[in-house]
Amino acid sequence: MTSETITAAASGSWTLGDLKINRIGFGAMRLPQTGEALIADAVPRRRDQAIGVLRRAVELGVNHIDTAAFYFSPLRSANELINRALAPYPDDLVITTKVGPGRGPSGRWLPHATPGQLRGQVEENLRQLGRDHLDVVNLRIVGTDSIAERFGALARLREAGLIRHLGLSNIHPHQLAEARSIAPVVCVQNPYGIGVRSEHDAFLRSCGEQGVAYVPFYAIAGAGRTVGASGTEHAEVLAVAREHGISPAQVRLAWTLHRGPHVLAIPGTGDTGHLAANVAAGAVRLSAEELAVLEAVHRRVPSHE
């Protein structure tokens with residue numbers, strides 16, 4: 001099979017609460033612009049190109065899309081692109097969004113939302129996506145302080161029917177424990193990849209033991225973050241890629257999925273060729289020897305916060 005014929009089903013599945021999804025999903029952060037994301041002067045992507053990528057993702061079996069109202073560039077919003085491309089939504093499509101951060105009309109970052117402001121952010125996501133409820137809402141955190149007030153505000157919106165399931169983003173283990181004492185948590189979305197946050201390996205495993213999905217972001221980009229992958233790669237990753245006849249990015253995604261059945265992937269792209277390759281990474285099976293080599297790289301490289 002070629003990458004064009006492999007679907008997201010090859011990655012296996014996981015159930016977020018009561019929502020069954022394929023483990024390879026799609027991250028929408030890169031859709032609204034070309035080049036670096038989340039900056040005020042980003043260059044808008046062509047609308048037809050972005051819509052084509054989203055529709056092709058669904059054709060390839062992707063049924064988990066990660067987005068946020070603060071994913072936008074001049075002229076383009078990820079949420080509204082998703083609405084335009086995919087509504088009326090397929091019954092099995094799960095859309096996960098984030099609240100907490102915010103950006104003003106100019107694209108500049110605002111202070112994180114207070115508990116009282118979170119409802120407005122939830123309602124803005126609902127409006128942009130054209131939904132009457134949100135499948136999964138992640139509370140995005142900065143720092144290590146208590147999250148009880150903010151997570152409690154989202155728990156009340158869940159009780160009111162605006163949110164189906166709750167998750168957390170960019171958190172530490174004690175914050176997951178605090179949130180779970182308030183309401184069920186279906187996923188943790190943290191930066192993680194080969195050589196990124198190796199100190200969170202135990203936390204990743206703990207999430208699986210608790211039945212909580214672990215959803216790495218920047219799994220391909222690593223330290224490149226919103227800019228994208230740096231273009232340089234470790235020799236060991238390149239060697240594994242050559243052995244399988246795949247790209248280093250596919251090796252990184254395959255390694256991510258090998259971390260546990262509860263680990264999901266949400267690579268983003270604005271290119272249909274890269275999209276097909278990302279999805280095809282879900283079919284790559286790494287040997288025990290290859291995993292050991294990549295594990296050594298993971299532990300050797302200084303983590304990037």
# chains A, B, ... in the order shown; residues from 1 in each chain; ligands from 1

$ select_by_dssp --residues "segment 133-288 of chain A" --states "strand (DSSP E or B)" --output "number ranges by chain"
A: 134-140, 163-169, 187-191, 193, 196, 213-217, 263, 265

$ closest_atom_pairs --of "segment 182-258 of chain A" --to "segment 122-145 of chain A" --cutoff "12 Å" --atoms "only C-alpha atoms" --output "Markdown table"
| residue | atom | partner | partner_atom | distance |
| --- | --- | --- | --- | --- |
| A:Pro184 | CA | A:Val136 | CA | 11.6 |
| A:Val185 | CA | A:Asn138 | CA | 9.2 |
| A:Val186 | CA | A:Val136 | CA | 8.3 |
| A:Cys187 | CA | A:Asn138 | CA | 8.0 |
| A:Val188 | CA | A:Asn138 | CA | 7.9 |
| A:Gln189 | CA | A:Asn138 | CA | 7.8 |
| A:Asn190 | CA | A:Arg140 | CA | 9.5 |
| A:Pro191 | CA | A:Arg140 | CA | 11.9 |
| A:Val215 | CA | A:Asn138 | CA | 11.1 |

$ write_last_selection --atoms "N, CA and C atoms" --output "PDB file, in the first residue's frame"
ATOM      1  N   PRO A 184     -14.649  14.346  35.644  1.00  0.00           N
ATOM      2  CA  PRO A 184     -13.862  13.415  34.842  1.00  0.00           C
ATOM      3  C   PRO A 184     -12.997  14.150  33.811  1.00  0.00           C
ATOM      4  N   VAL A 185     -11.805  13.610  33.579  1.00  0.00           N
ATOM      5  CA  VAL A 185     -10.875  14.139  32.583  1.00  0.00           C
ATOM      6  C   VAL A 185     -10.610  13.031  31.566  1.00  0.00           C
ATOM      7  N   VAL A 186     -10.826  13.319  30.280  1.00  0.00           N
ATOM      8  CA  VAL A 186     -10.655  12.276  29.267  1.00  0.00           C
ATOM      9  C   VAL A 186      -9.308  12.349  28.561  1.00  0.00           C
ATOM     10  N   CYS A 187      -8.613  13.510  28.631  1.00  0.00           N
ATOM     11  CA  CYS A 187      -7.339  13.606  27.917  1.00  0.00           C
ATOM     12  C   CYS A 187      -6.436  14.671  28.531  1.00  0.00           C
ATOM     13  N   VAL A 188      -5.148  14.455  28.342  1.00  0.00           N
ATOM     14  CA  VAL A 188      -4.112  15.428  28.693  1.00  0.00           C
ATOM     15  C   VAL A 188      -3.339  15.710  27.416  1.00  0.00           C
ATOM     16  N   GLN A 189      -3.225  16.981  27.067  1.00  0.00           N
ATOM     17  CA  GLN A 189      -2.546  17.386  25.831  1.00  0.00           C
ATOM     18  C   GLN A 189      -1.302  18.192  26.219  1.00  0.00           C
ATOM     19  N   ASN A 190      -0.141  17.587  26.059  1.00  0.00           N
ATOM     20  CA  ASN A 190       1.121  18.199  26.477  1.00  0.00           C
ATOM     21  C   ASN A 190       2.154  18.149  25.371  1.00  0.00           C
ATOM     22  N   PRO A 191       3.142  19.068  25.395  1.00  0.00           N
ATOM     23  CA  PRO A 191       4.250  18.927  24.453  1.00  0.00           C
ATOM     24  C   PRO A 191       5.049  17.672  24.785  1.00  0.00           C
ATOM     25  N   VAL A 215      -2.093  13.134  24.713  1.00  0.00           N
ATOM     26  CA  VAL A 215      -2.128  13.656  23.344  1.00  0.00           C
ATOM     27  C   VAL A 215      -0.957  14.622  23.146  1.00  0.00           C
TER      28      VAL A 215
END

$ residues_around --residues "Gly260 of chain A" --least-positions-apart "3" --cutoff "12 Å" --atoms "only C-alpha atoms" --output "PyMOL selection string"
chain A and resi 11-14+23+201-202+204-209+211-216+254-257+263-265

$ closest_atom_pairs --of "segment 141-248 of chain A" --to "segment 286-300 of chain A" --cutoff "9 Å" --atoms "only C-alpha atoms" --output "Markdown table"
| residue | atom | partner | partner_atom | distance |
| --- | --- | --- | --- | --- |
| A:Gly193 | CA | A:His298 | CA | 7.8 |
| A:Ile194 | CA | A:His298 | CA | 4.7 |
| A:Gly195 | CA | A:His298 | CA | 4.0 |
| A:Val196 | CA | A:His298 | CA | 7.2 |
| A:Arg197 | CA | A:His298 | CA | 8.8 |
| A:Ser198 | CA | A:Arg299 | CA | 6.1 |
| A:Glu199 | CA | A:Arg299 | CA | 8.7 |
| A:His234 | CA | A:Val297 | CA | 7.9 |
| A:Glu236 | CA | A:Leu294 | CA | 6.8 |
| A:Val237 | CA | A:Leu294 | CA | 6.9 |
| A:Val240 | CA | A:Glu290 | CA | 6.8 |
| A:His244 | CA | A:Leu286 | CA | 8.9 |

$ closest_residue --among "A:Ala235, A:Ala50, A:Leu168, A:Ala219" --to "Tyr192 of chain A" --atoms "only C-alpha atoms"
A:Ala219

$ decode --residues "segment 161-182 of chain A" --atoms "N, CA and C atoms" --output "CSV table (one decimal), in the first residue's frame"
chain,number,residue,atom,x,y,z
A,161,GLY,N,-24.6,21.2,29.7
A,161,GLY,CA,-24.8,20.6,28.4
A,161,GLY,C,-24.0,21.3,27.3
A,162,LEU,N,-23.2,22.3,27.6
A,162,LEU,CA,-22.4,23.0,26.5
A,162,LEU,C,-21.2,22.2,26.1
A,163,ILE,N,-20.7,21.3,27.0
A,163,ILE,CA,-19.5,20.5,26.8
A,163,ILE,C,-19.8,19.1,27.1
A,164,ARG,N,-19.3,18.2,26.3
A,164,ARG,CA,-19.5,16.7,26.5
A,164,ARG,C,-18.5,16.1,27.4
A,165,HIS,N,-17.2,16.5,27.1
A,165,HIS,CA,-16.1,15.9,27.9
A,165,HIS,C,-15.0,17.0,28.1
A,166,LEU,N,-14.3,16.8,29.2
A,166,LEU,CA,-13.2,17.8,29.6
A,166,LEU,C,-11.8,17.2,29.5
A,167,GLY,N,-10.9,18.1,29.2
A,167,GLY,CA,-9.5,17.7,29.1
A,167,GLY,C,-8.6,18.8,29.7
A,168,LEU,N,-7.3,18.6,29.6
A,168,LEU,CA,-6.4,19.6,30.1
A,168,LEU,C,-5.2,19.7,29.2
A,169,SER,N,-4.6,20.8,29.1
A,169,SER,CA,-3.4,21.0,28.2
A,169,SER,C,-2.3,21.8,28.9
A,170,ASN,N,-1.1,21.3,28.7
A,170,ASN,CA,0.1,21.9,29.2
A,170,ASN,C,0.2,21.8,30.7
A,171,ILE,N,-0.1,20.7,31.3
A,171,ILE,CA,-0.2,20.6,32.7
A,171,ILE,C,0.9,19.7,33.3
A,172,HIS,N,0.8,19.6,34.7
A,172,HIS,CA,1.7,18.8,35.5
A,172,HIS,C,0.8,17.8,36.2
A,173,PRO,N,1.4,16.7,36.7
A,173,PRO,CA,0.6,15.6,37.3
A,173,PRO,C,-0.3,16.1,38.5
A,174,HIS,N,0.2,17.0,39.3
A,174,HIS,CA,-0.7,17.4,40.4
A,174,HIS,C,-1.9,18.1,40.0
A,175,GLN,N,-1.8,18.8,38.8
A,175,GLN,CA,-3.0,19.5,38.3
A,175,GLN,C,-4.0,18.5,37.7
A,176,LEU,N,-3.6,17.4,37.2
A,176,LEU,CA,-4.5,16.4,36.7
A,176,LEU,C,-5.3,15.8,37.9
A,177,ALA,N,-4.5,15.5,39.0
A,177,ALA,CA,-5.2,15.0,40.2
A,177,ALA,C,-6.2,16.0,40.7
A,178,GLU,N,-5.9,17.2,40.7
A,178,GLU,CA,-6.8,18.3,41.2
A,178,GLU,C,-8.0,18.3,40.4
A,179,ALA,N,-7.9,18.3,39.0
A,179,ALA,CA,-9.0,18.3,38.1
A,179,ALA,C,-9.9,17.1,38.3
A,180,ARG,N,-9.3,15.9,38.4
A,180,ARG,CA,-10.1,14.7,38.5
A,180,ARG,C,-10.9,14.6,39.8
A,181,SER,N,-10.5,15.4,40.8
A,181,SER,CA,-11.3,15.5,42.0
A,181,SER,C,-12.6,16.3,41.8
A,182,ILE,N,-12.6,17.1,40.7
A,182,ILE,CA,-13.8,18.0,40.4
A,182,ILE,C,-14.7,17.4,39.4
